[in-house]
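> First the structure, then my questions, so here it is.
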Amino acid sequence: MSRKIYKLCLIRGYTEAYYQLSEEEKEEFWKQVESAIEKAGAKMASPYYDCRWSNDKYQTFFIMEYPDVECAMLDTAGVEKAGLFRYLVSETILGVEETQETAAQAE
């Protein structure tokens, strides 16, 4: 059974390499990232949340939604090819929506 996958994206910030890019290079980089996300069938499941005021580790966070795990894997491969992990420091957590069935199994 195929289930929707949710990815919590915790963003720490940009690397020095990102700040060395010209404005044109940054624009091209973000176009490549957006294209990879679109090709994977991902969509935003939440707005961006500013959380810098509440911790010393993360600047922002948001949640992505994927139709299935294969799409989540395709997204990661695509943004890696675009160079995302060179320019952005982040952590992600994948999960599925808990149902009454899965909650009962956990007990």
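Residue numbering restarts at 1 for every chain of the structure tokens, chains are lettered A, B, ... in their displayed order, and ligands are numbered from 1 as they appear.
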Which of chain A end up as strand (DSSP E or B) when DSSP is run on this backbone - answer as a PDB file with C-alpha atoms, in the first residue's frame?


ATOM      1  CA  ILE A   5       5.256  10.691   3.133  1.00  0.00           C
ATOM      2  CA  TYR A   6       5.857  13.903   5.071  1.00  0.00           C
ATOM      3  CA  LYS A   7       9.279  15.491   5.496  1.00  0.00           C
ATOM      4  CA  LEU A   8      10.047  17.941   8.267  1.00  0.00           C
ATOM      5  CA  CYS A   9      12.814  20.244   7.000  1.00  0.00           C
ATOM      6  CA  LEU A  10      14.826  21.964   9.728  1.00  0.00           C
ATOM      7  CA  ILE A  11      16.980  24.696   8.201  1.00  0.00           C
ATOM      8  CA  ARG A  12      20.115  25.814  10.018  1.00  0.00           C
ATOM      9  CA  GLY A  13      21.337  28.269   7.384  1.00  0.00           C
ATOM     10  CA  TYR A  14      23.496  28.793   4.327  1.00  0.00           C
ATOM     11  CA  LYS A  43       4.443  19.969  -2.543  1.00  0.00           C
ATOM     12  CA  MET A  44       4.609  22.241   0.454  1.00  0.00           C
ATOM     13  CA  TYR A  49       7.987  29.001  10.114  1.00  0.00           C
ATOM     14  CA  ASP A  50      10.525  31.396  11.635  1.00  0.00           C
ATOM     15  CA  THR A  60      13.263  28.121   9.922  1.00  0.00           C
ATOM     16  CA  PHE A  61      11.309  24.939   9.298  1.00  0.00           C
ATOM     17  CA  PHE A  62       8.605  23.669   6.980  1.00  0.00           C
ATOM     18  CA  ILE A  63       6.918  20.424   5.943  1.00  0.00           C
ATOM     19  CA  MET A  64       6.928  18.824   2.490  1.00  0.00           C
ATOM     20  CA  GLU A  65       4.425  16.212   1.271  1.00  0.00           C
ATOM     21  CA  TYR A  66       5.156  13.374  -1.168  1.00  0.00           C
ATOM     22  CA  LEU A  88      22.360  24.742   2.774  1.00  0.00           C
ATOM     23  CA  VAL A  89      22.827  23.168   6.203  1.00  0.00           C
ATOM     24  CA  SER A  90      19.682  21.314   7.198  1.00  0.00           C
ATOM     25  CA  GLU A  91      18.232  18.238   8.826  1.00  0.00           C
ATOM     26  CA  THR A  92      15.180  16.320   7.692  1.00  0.00           C
ATOM     27  CA  ILE A  93      12.867  13.765   9.260  1.00  0.00           C
ATOM     28  CA  LEU A  94      10.529  11.581   7.199  1.00  0.00           C
ATOM     29  CA  GLY A  95       7.268  10.250   8.557  1.00  0.00           C
TER      30      GLY A  95
END

> Applying 7 Å and only C-alpha atoms, which residues near stretch 85-87 of chain A remain after dropping the ones on its own chain fewer than 3 positions away? List them as a VMD selection string.

chain A and resid 14 to 15 17 to 18 80

> Contacts of A:Gly83 at 12 Å or less, counting only C-alpha atoms, minus same-chain residues fewer than 6 places along, as a PyMOL selection string?

chain A and resi 15+17-18+25-26+28-33+36+76-77+89

> Can you spit out the residues from that selection as an mmCIF file, in the first residue's frame, using N, CA and C atoms?


data_model
loop_
_atom_site.group_PDB
_atom_site.id
_atom_site.type_symbol
_atom_site.label_atom_id
_atom_site.label_comp_id
_atom_site.auth_asym_id
_atom_site.auth_seq_id
_atom_site.Cartn_x
_atom_site.Cartn_y
_atom_site.Cartn_z
ATOM 1 N N THR A 15 25.676 27.960 3.761
ATOM 2 C CA THR A 15 27.116 27.789 3.911
ATOM 3 C C THR A 15 27.846 28.995 3.315
ATOM 4 N N ALA A 17 29.913 28.851 0.959
ATOM 5 C CA ALA A 17 29.895 28.668 -0.495
ATOM 6 C C ALA A 17 28.682 29.351 -1.123
ATOM 7 N N TYR A 18 27.545 29.317 -0.435
ATOM 8 C CA TYR A 18 26.340 29.969 -0.958
ATOM 9 C C TYR A 18 26.553 31.476 -1.072
ATOM 10 N N GLU A 25 23.899 33.343 -10.174
ATOM 11 C CA GLU A 25 24.133 31.942 -9.823
ATOM 12 C C GLU A 25 23.128 31.466 -8.776
ATOM 13 N N LYS A 26 22.807 32.308 -7.820
ATOM 14 C CA LYS A 26 21.804 31.952 -6.807
ATOM 15 C C LYS A 26 20.449 31.736 -7.468
ATOM 16 N N GLU A 28 19.821 30.837 -10.573
ATOM 17 C CA GLU A 28 19.878 29.588 -11.340
ATOM 18 C C GLU A 28 19.837 28.377 -10.405
ATOM 19 N N PHE A 29 20.560 28.452 -9.299
ATOM 20 C CA PHE A 29 20.560 27.380 -8.308
ATOM 21 C C PHE A 29 19.146 27.105 -7.809
ATOM 22 N N TRP A 30 18.418 28.153 -7.400
ATOM 23 C CA TRP A 30 17.067 27.960 -6.872
ATOM 24 C C TRP A 30 16.106 27.461 -7.941
ATOM 25 N N LYS A 31 16.307 27.833 -9.196
ATOM 26 C CA LYS A 31 15.483 27.296 -10.288
ATOM 27 C C LYS A 31 15.695 25.795 -10.413
ATOM 28 N N GLN A 32 16.948 25.354 -10.298
ATOM 29 C CA GLN A 32 17.251 23.919 -10.372
ATOM 30 C C GLN A 32 16.628 23.162 -9.203
ATOM 31 N N VAL A 33 16.697 23.734 -8.016
ATOM 32 C CA VAL A 33 16.095 23.095 -6.837
ATOM 33 C C VAL A 33 14.582 22.998 -7.010
ATOM 34 N N ALA A 36 13.676 20.267 -9.490
ATOM 35 C CA ALA A 36 13.832 18.925 -8.926
ATOM 36 C C ALA A 36 12.655 18.577 -8.016
ATOM 37 N N THR A 76 15.186 14.019 -3.063
ATOM 38 C CA THR A 76 16.508 14.114 -2.454
ATOM 39 C C THR A 76 17.601 13.985 -3.511
ATOM 40 N N ALA A 77 17.455 13.042 -4.427
ATOM 41 C CA ALA A 77 18.451 12.877 -5.496
ATOM 42 C C ALA A 77 18.515 14.121 -6.384
ATOM 43 N N VAL A 89 22.649 24.098 5.089
ATOM 44 C CA VAL A 89 22.827 23.168 6.203
ATOM 45 C C VAL A 89 21.433 22.909 6.783
#

> With a distance cut-off of 12 Å and only C-alpha atoms, select the neighbouring residues of A:Glu70, excluding the residue or stretch itself and same-chain residues fewer than 5 positions from it, and output the selection as a PyMOL selection string.

chain A and resi 2-5+39-42+75-77

> If I take atom CA of A:Gln100 and atom CA of A:Tyr48, how far is one from the other in Å, to one decimal?

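Answer for the atom CA of A:Gln100 to atom CA of A:Tyr48 separation: 28.6 Å.
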
> Name the residues of stretch 23-54 of chain A that fall into alpha helix (DSSP H) according to DSSP on the backbone, using the chain letters and numbers of this document, as a ChimeraX atom specification.

/A:23-40

> Atom CA of A:Pro67 and atom CA of A:Ser46, how far apart in Å?

15.5 Å

> How far is it from atom CA of A:Lys57 to atom CA of A:Tyr19, in Å with one decimal?

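The value is 19.3 Å.
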